[in-house]
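As structure tokens, the structure follows; a few thoughts come after it.
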Amino acid sequence: MHIIRTHNVTKCFQGKEVVSNVNINVKKGEIYGLLGPNGSGKTTLMKMLTNLIKPTAGEIEIFGQRLTPSSSFAVLGRIGSMIEFPIFYEKFTAKENLELHCEYMGYHNKKAINEVLEMVHLINIVNKPVENFSLGMKQRLGIARAIITRPELLILDEPINGLDPVGIREIRNLFKLLAKEYNITMIISSHILAEMEQMADTVGVINKGKLIEEVSMEAMRERNAEYIELITPDITSACFVLEHRLYLQNFKVVDQKIIRIFDQNVSQKEISKTLILNDIEMESMSKKVTSLEEYFMGLVEKENQNQVVKHE
Ligand code: ADP
């Protein structure tokens, strides 16, 4: 079941398209990572999901219902969000800010405030006015505010911005807990791949307003298995030997001289022995792993090149 689906959602500002025909599919209970460089349209997309701005074209479906200005009130009550930098009443304490938010949301559960402040590790500074908070502390309070009403869906824009490495780990664990224990669906944006890699179940890659890939992390990891890279001037014969002497099935010629062997049950020693026995010259052989970084950078670069070509 999908909690969010968008259908060709597009947003233009002053005639310039900053989100173009985006179709995302966020499944119930998952952490969906929206990954893209700065300026790629992540915030704009999230603003449309929370009805802060209206799409120029396309449709948004949340909890199976079309999001419209009139239908949105009930839907938005089931969503917690933090879009761009969180704004608070600066003279008020963390606790007072959360009380006001609960009041506004019609959520009356006195225990929730302490619980949530504990969850984001702000329990010790409940009486300090927010104006004295660091960026990271405000970010934590923003997250606390987004989750306090136990929403079914959380929409968080770059929530780990401004946190130190320990803070990042704590918040990441909190998100995982919310997904697992409370079955909260989450869409989280980031420009940092490593972050997404550690918590997302599905990643949507966005570049220049276009969704260029939507893939499960599991499928991604499988794609990024280890391989043996073989460099040989005699590529045709080498392929013949791999296929008919070593009975390998999963290898790929990536260049005039380079073969990547993904079969896992063959050793480098076995390959080199067989190639030598068959008189095939070899320049080198080594074990490699394609990192996710490489893969995503490749996607973004390919997309950029396509756009250049289109404009020519
Ligand atoms: P991201 O969140 O990925 O950094 P944004 O959604 O903030 O990207 O921005 C995408 C593009 O849209 C940027 O080029 C930005 O300058 C532009 N943009 C965002 N908001 C507005 C606005 N209100 N008016 C004009 N341009 C905007």
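Ligands are numbered from 1 in the order shown, residues from 1 within each chain, and chains are lettered A, B, ... in the order they appear in the structure tokens.
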
### Task
Please write out the residues within 12 Å of ligand 1 as a PyMOL selection string, counting only C-alpha atoms and all ligand atoms.
chain A and resi 10-20+34-48+52-54+83-85+156-159+188-192+205-211

At a cut-off of 9 Å, using only C-alpha atoms, what residues contact range 147-149 of chain A? Leave out same-chain residues fewer than 5 positions from it and give the result as a PDB file with all heavy atoms, in the first residue's frame.
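Final output, saved to result_13.pdb:
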ATOM      1  N   GLY A  77      -3.550  16.791   9.214  1.00  0.00           N
ATOM      2  CA  GLY A  77      -3.586  16.435  10.631  1.00  0.00           C
ATOM      3  C   GLY A  77      -2.920  15.094  10.904  1.00  0.00           C
ATOM      4  O   GLY A  77      -2.550  14.798  12.037  1.00  0.00           O
ATOM      5  N   ARG A  78      -2.768  14.292   9.872  1.00  0.00           N
ATOM      6  CA  ARG A  78      -2.135  12.968  10.045  1.00  0.00           C
ATOM      7  C   ARG A  78      -0.655  12.989   9.661  1.00  0.00           C
ATOM      8  O   ARG A  78       0.000  11.964   9.608  1.00  0.00           O
ATOM      9  CB  ARG A  78      -2.877  11.938   9.175  1.00  0.00           C
ATOM     10  CG  ARG A  78      -4.338  11.781   9.595  1.00  0.00           C
ATOM     11  CD  ARG A  78      -5.174  11.130   8.508  1.00  0.00           C
ATOM     12  NE  ARG A  78      -4.844   9.728   8.291  1.00  0.00           N
ATOM     13  CZ  ARG A  78      -5.373   8.983   7.313  1.00  0.00           C
ATOM     14  NH1 ARG A  78      -6.264   9.518   6.479  1.00  0.00           N
ATOM     15  NH2 ARG A  78      -5.020   7.729   7.164  1.00  0.00           N
ATOM     16  N   ILE A  79      -0.174  14.191   9.347  1.00  0.00           N
ATOM     17  CA  ILE A  79       1.214  14.321   8.891  1.00  0.00           C
ATOM     18  C   ILE A  79       2.011  15.184   9.861  1.00  0.00           C
ATOM     19  O   ILE A  79       1.517  16.197  10.344  1.00  0.00           O
ATOM     20  CB  ILE A  79       1.262  14.988   7.492  1.00  0.00           C
ATOM     21  CG1 ILE A  79       0.443  14.189   6.479  1.00  0.00           C
ATOM     22  CG2 ILE A  79       2.695  15.158   7.004  1.00  0.00           C
ATOM     23  CD1 ILE A  79       0.373  14.834   5.102  1.00  0.00           C
ATOM     24  N   GLY A  80       3.250  14.784  10.132  1.00  0.00           N
ATOM     25  CA  GLY A  80       4.170  15.651  10.866  1.00  0.00           C
ATOM     26  C   GLY A  80       5.221  16.109   9.875  1.00  0.00           C
ATOM     27  O   GLY A  80       5.644  15.325   9.035  1.00  0.00           O
ATOM     28  N   SER A  81       5.607  17.378   9.960  1.00  0.00           N
ATOM     29  CA  SER A  81       6.590  17.796   8.957  1.00  0.00           C
ATOM     30  C   SER A  81       7.563  18.820   9.498  1.00  0.00           C
ATOM     31  O   SER A  81       7.283  19.511  10.496  1.00  0.00           O
ATOM     32  CB  SER A  81       5.868  18.378   7.743  1.00  0.00           C
ATOM     33  OG  SER A  81       5.199  19.557   8.103  1.00  0.00           O
ATOM     34  N   LEU A  98       6.371  23.365  22.331  1.00  0.00           N
ATOM     35  CA  LEU A  98       5.648  22.127  22.025  1.00  0.00           C
ATOM     36  C   LEU A  98       4.206  22.191  22.539  1.00  0.00           C
ATOM     37  O   LEU A  98       3.284  21.684  21.891  1.00  0.00           O
ATOM     38  CB  LEU A  98       6.379  20.917  22.615  1.00  0.00           C
ATOM     39  CG  LEU A  98       7.739  20.610  21.970  1.00  0.00           C
ATOM     40  CD1 LEU A  98       8.373  19.388  22.630  1.00  0.00           C
ATOM     41  CD2 LEU A  98       7.598  20.360  20.462  1.00  0.00           C
ATOM     42  N   CYS A 102       0.881  21.604  20.297  1.00  0.00           N
ATOM     43  CA  CYS A 102      -0.152  20.607  20.626  1.00  0.00           C
ATOM     44  C   CYS A 102      -1.529  21.266  20.699  1.00  0.00           C
ATOM     45  O   CYS A 102      -2.526  20.713  20.242  1.00  0.00           O
ATOM     46  CB  CYS A 102       0.170  19.917  21.942  1.00  0.00           C
ATOM     47  SG  CYS A 102       1.533  18.769  21.793  1.00  0.00           S
ATOM     48  N   MET A 105      -2.703  21.894  17.266  1.00  0.00           N
ATOM     49  CA  MET A 105      -3.072  20.660  16.570  1.00  0.00           C
ATOM     50  C   MET A 105      -4.250  19.956  17.252  1.00  0.00           C
ATOM     51  O   MET A 105      -4.722  18.922  16.774  1.00  0.00           O
ATOM     52  CB  MET A 105      -1.885  19.680  16.524  1.00  0.00           C
ATOM     53  CG  MET A 105      -0.674  20.160  15.747  1.00  0.00           C
ATOM     54  SD  MET A 105      -0.973  20.345  13.975  1.00  0.00           S
ATOM     55  CE  MET A 105      -1.014  18.636  13.447  1.00  0.00           C
ATOM     56  N   TYR A 107      -4.082  18.391  20.079  1.00  0.00           N
ATOM     57  CA  TYR A 107      -3.556  17.130  20.612  1.00  0.00           C
ATOM     58  C   TYR A 107      -3.316  17.309  22.109  1.00  0.00           C
ATOM     59  O   TYR A 107      -2.465  18.097  22.520  1.00  0.00           O
ATOM     60  CB  TYR A 107      -2.255  16.802  19.878  1.00  0.00           C
ATOM     61  CG  TYR A 107      -1.668  15.452  20.217  1.00  0.00           C
ATOM     62  CD1 TYR A 107      -2.196  14.291  19.672  1.00  0.00           C
ATOM     63  CD2 TYR A 107      -0.567  15.348  21.067  1.00  0.00           C
ATOM     64  CE1 TYR A 107      -1.650  13.057  19.972  1.00  0.00           C
ATOM     65  CE2 TYR A 107      -0.014  14.115  21.360  1.00  0.00           C
ATOM     66  CZ  TYR A 107      -0.565  12.981  20.819  1.00  0.00           C
ATOM     67  OH  TYR A 107      -0.018  11.756  21.118  1.00  0.00           O
ATOM     68  N   HIS A 108      -4.083  16.585  22.902  1.00  0.00           N
ATOM     69  CA  HIS A 108      -3.969  16.820  24.344  1.00  0.00           C
ATOM     70  C   HIS A 108      -3.434  15.585  25.050  1.00  0.00           C
ATOM     71  O   HIS A 108      -4.178  14.690  25.402  1.00  0.00           O
ATOM     72  CB  HIS A 108      -5.332  17.238  24.919  1.00  0.00           C
ATOM     73  CG  HIS A 108      -5.881  18.430  24.201  1.00  0.00           C
ATOM     74  ND1 HIS A 108      -5.367  19.693  24.372  1.00  0.00           N
ATOM     75  CD2 HIS A 108      -6.847  18.550  23.258  1.00  0.00           C
ATOM     76  CE1 HIS A 108      -6.015  20.545  23.593  1.00  0.00           C
ATOM     77  NE2 HIS A 108      -6.917  19.866  22.895  1.00  0.00           N
ATOM     78  N   ASN A 109      -2.159  15.542  25.190  1.00  0.00           N
ATOM     79  CA  ASN A 109      -1.531  14.434  25.887  1.00  0.00           C
ATOM     80  C   ASN A 109      -0.303  14.999  26.590  1.00  0.00           C
ATOM     81  O   ASN A 109       0.754  15.183  25.992  1.00  0.00           O
ATOM     82  CB  ASN A 109      -1.140  13.346  24.870  1.00  0.00           C
ATOM     83  CG  ASN A 109      -0.374  12.212  25.506  1.00  0.00           C
ATOM     84  OD1 ASN A 109      -0.110  12.230  26.708  1.00  0.00           O
ATOM     85  ND2 ASN A 109      -0.007  11.221  24.702  1.00  0.00           N
ATOM     86  N   ALA A 112       3.150  13.453  26.438  1.00  0.00           N
ATOM     87  CA  ALA A 112       3.837  13.370  25.143  1.00  0.00           C
ATOM     88  C   ALA A 112       5.036  14.316  25.062  1.00  0.00           C
ATOM     89  O   ALA A 112       6.057  13.998  24.464  1.00  0.00           O
ATOM     90  CB  ALA A 112       2.850  13.669  24.017  1.00  0.00           C
ATOM     91  N   ILE A 113       4.907  15.486  25.704  1.00  0.00           N
ATOM     92  CA  ILE A 113       5.970  16.488  25.580  1.00  0.00           C
ATOM     93  C   ILE A 113       7.285  15.985  26.169  1.00  0.00           C
ATOM     94  O   ILE A 113       8.328  16.014  25.497  1.00  0.00           O
ATOM     95  CB  ILE A 113       5.532  17.832  26.224  1.00  0.00           C
ATOM     96  CG1 ILE A 113       4.377  18.398  25.377  1.00  0.00           C
ATOM     97  CG2 ILE A 113       6.700  18.817  26.299  1.00  0.00           C
ATOM     98  CD1 ILE A 113       3.824  19.710  25.845  1.00  0.00           C
ATOM     99  N   GLU A 115       8.081  12.922  26.796  1.00  0.00           N
ATOM    100  CA  GLU A 115       8.486  11.717  26.051  1.00  0.00           C
ATOM    101  C   GLU A 115       9.274  12.085  24.803  1.00  0.00           C
ATOM    102  O   GLU A 115      10.339  11.546  24.522  1.00  0.00           O
ATOM    103  CB  GLU A 115       7.233  10.958  25.606  1.00  0.00           C
ATOM    104  CG  GLU A 115       6.858   9.814  26.524  1.00  0.00           C
ATOM    105  CD  GLU A 115       5.494   9.246  26.147  1.00  0.00           C
ATOM    106  OE1 GLU A 115       5.113   9.273  24.940  1.00  0.00           O
ATOM    107  OE2 GLU A 115       4.816   8.801  27.076  1.00  0.00           O
ATOM    108  N   VAL A 116       8.725  13.051  24.097  1.00  0.00           N
ATOM    109  CA  VAL A 116       9.326  13.390  22.824  1.00  0.00           C
ATOM    110  C   VAL A 116      10.643  14.157  23.019  1.00  0.00           C
ATOM    111  O   VAL A 116      11.604  13.981  22.276  1.00  0.00           O
ATOM    112  CB  VAL A 116       8.276  14.138  21.957  1.00  0.00           C
ATOM    113  CG1 VAL A 116       8.306  15.610  22.163  1.00  0.00           C
ATOM    114  CG2 VAL A 116       8.384  13.769  20.523  1.00  0.00           C
ATOM    115  N   LEU A 117      10.703  14.972  24.075  1.00  0.00           N
ATOM    116  CA  LEU A 117      11.956  15.688  24.345  1.00  0.00           C
ATOM    117  C   LEU A 117      13.054  14.700  24.740  1.00  0.00           C
ATOM    118  O   LEU A 117      14.230  14.888  24.424  1.00  0.00           O
ATOM    119  CB  LEU A 117      11.752  16.736  25.442  1.00  0.00           C
ATOM    120  CG  LEU A 117      10.998  17.995  24.988  1.00  0.00           C
ATOM    121  CD1 LEU A 117      10.603  18.848  26.186  1.00  0.00           C
ATOM    122  CD2 LEU A 117      11.822  18.815  23.996  1.00  0.00           C
ATOM    123  N   GLY A 142      12.729  20.737  16.218  1.00  0.00           N
ATOM    124  CA  GLY A 142      11.869  20.668  15.026  1.00  0.00           C
ATOM    125  C   GLY A 142      11.385  19.240  14.799  1.00  0.00           C
ATOM    126  O   GLY A 142      10.223  18.994  14.453  1.00  0.00           O
ATOM    127  N   LEU A 154       5.627  11.199   8.239  1.00  0.00           N
ATOM    128  CA  LEU A 154       6.548  12.301   8.563  1.00  0.00           C
ATOM    129  C   LEU A 154       7.224  12.776   7.283  1.00  0.00           C
ATOM    130  O   LEU A 154       7.726  11.958   6.507  1.00  0.00           O
ATOM    131  CB  LEU A 154       7.652  11.783   9.481  1.00  0.00           C
ATOM    132  CG  LEU A 154       7.465  11.875  10.982  1.00  0.00           C
ATOM    133  CD1 LEU A 154       8.656  11.228  11.677  1.00  0.00           C
ATOM    134  CD2 LEU A 154       7.320  13.324  11.428  1.00  0.00           C
ATOM    135  N   LEU A 178      11.148   4.931  14.894  1.00  0.00           N
ATOM    136  CA  LEU A 178       9.802   5.411  14.570  1.00  0.00           C
ATOM    137  C   LEU A 178       9.179   4.573  13.452  1.00  0.00           C
ATOM    138  O   LEU A 178       7.990   4.274  13.473  1.00  0.00           O
ATOM    139  CB  LEU A 178       9.838   6.887  14.157  1.00  0.00           C
ATOM    140  CG  LEU A 178      10.202   7.891  15.258  1.00  0.00           C
ATOM    141  CD1 LEU A 178      10.380   9.276  14.676  1.00  0.00           C
ATOM    142  CD2 LEU A 178       9.145   7.916  16.362  1.00  0.00           C
TER     143      LEU A 178
END

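Comparing A:Asn132, A:Val203, A:Lys138, A:Arg245 by their smallest distance to Phe296 in chain A, the closest is A:Val203 (using only C-alpha atoms).
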
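For range 183-238 of chain A, the set of residues given alpha helix (DSSP H) by DSSP on the backbone reads Leu193, Ala194, Glu195, Met196, Glu197, Gln198, Met199, Met217, Glu218, Ala219, Met220, Arg221, Glu222, Arg223, Ile235, Thr236, Ser237 and Ala238 of chain A.
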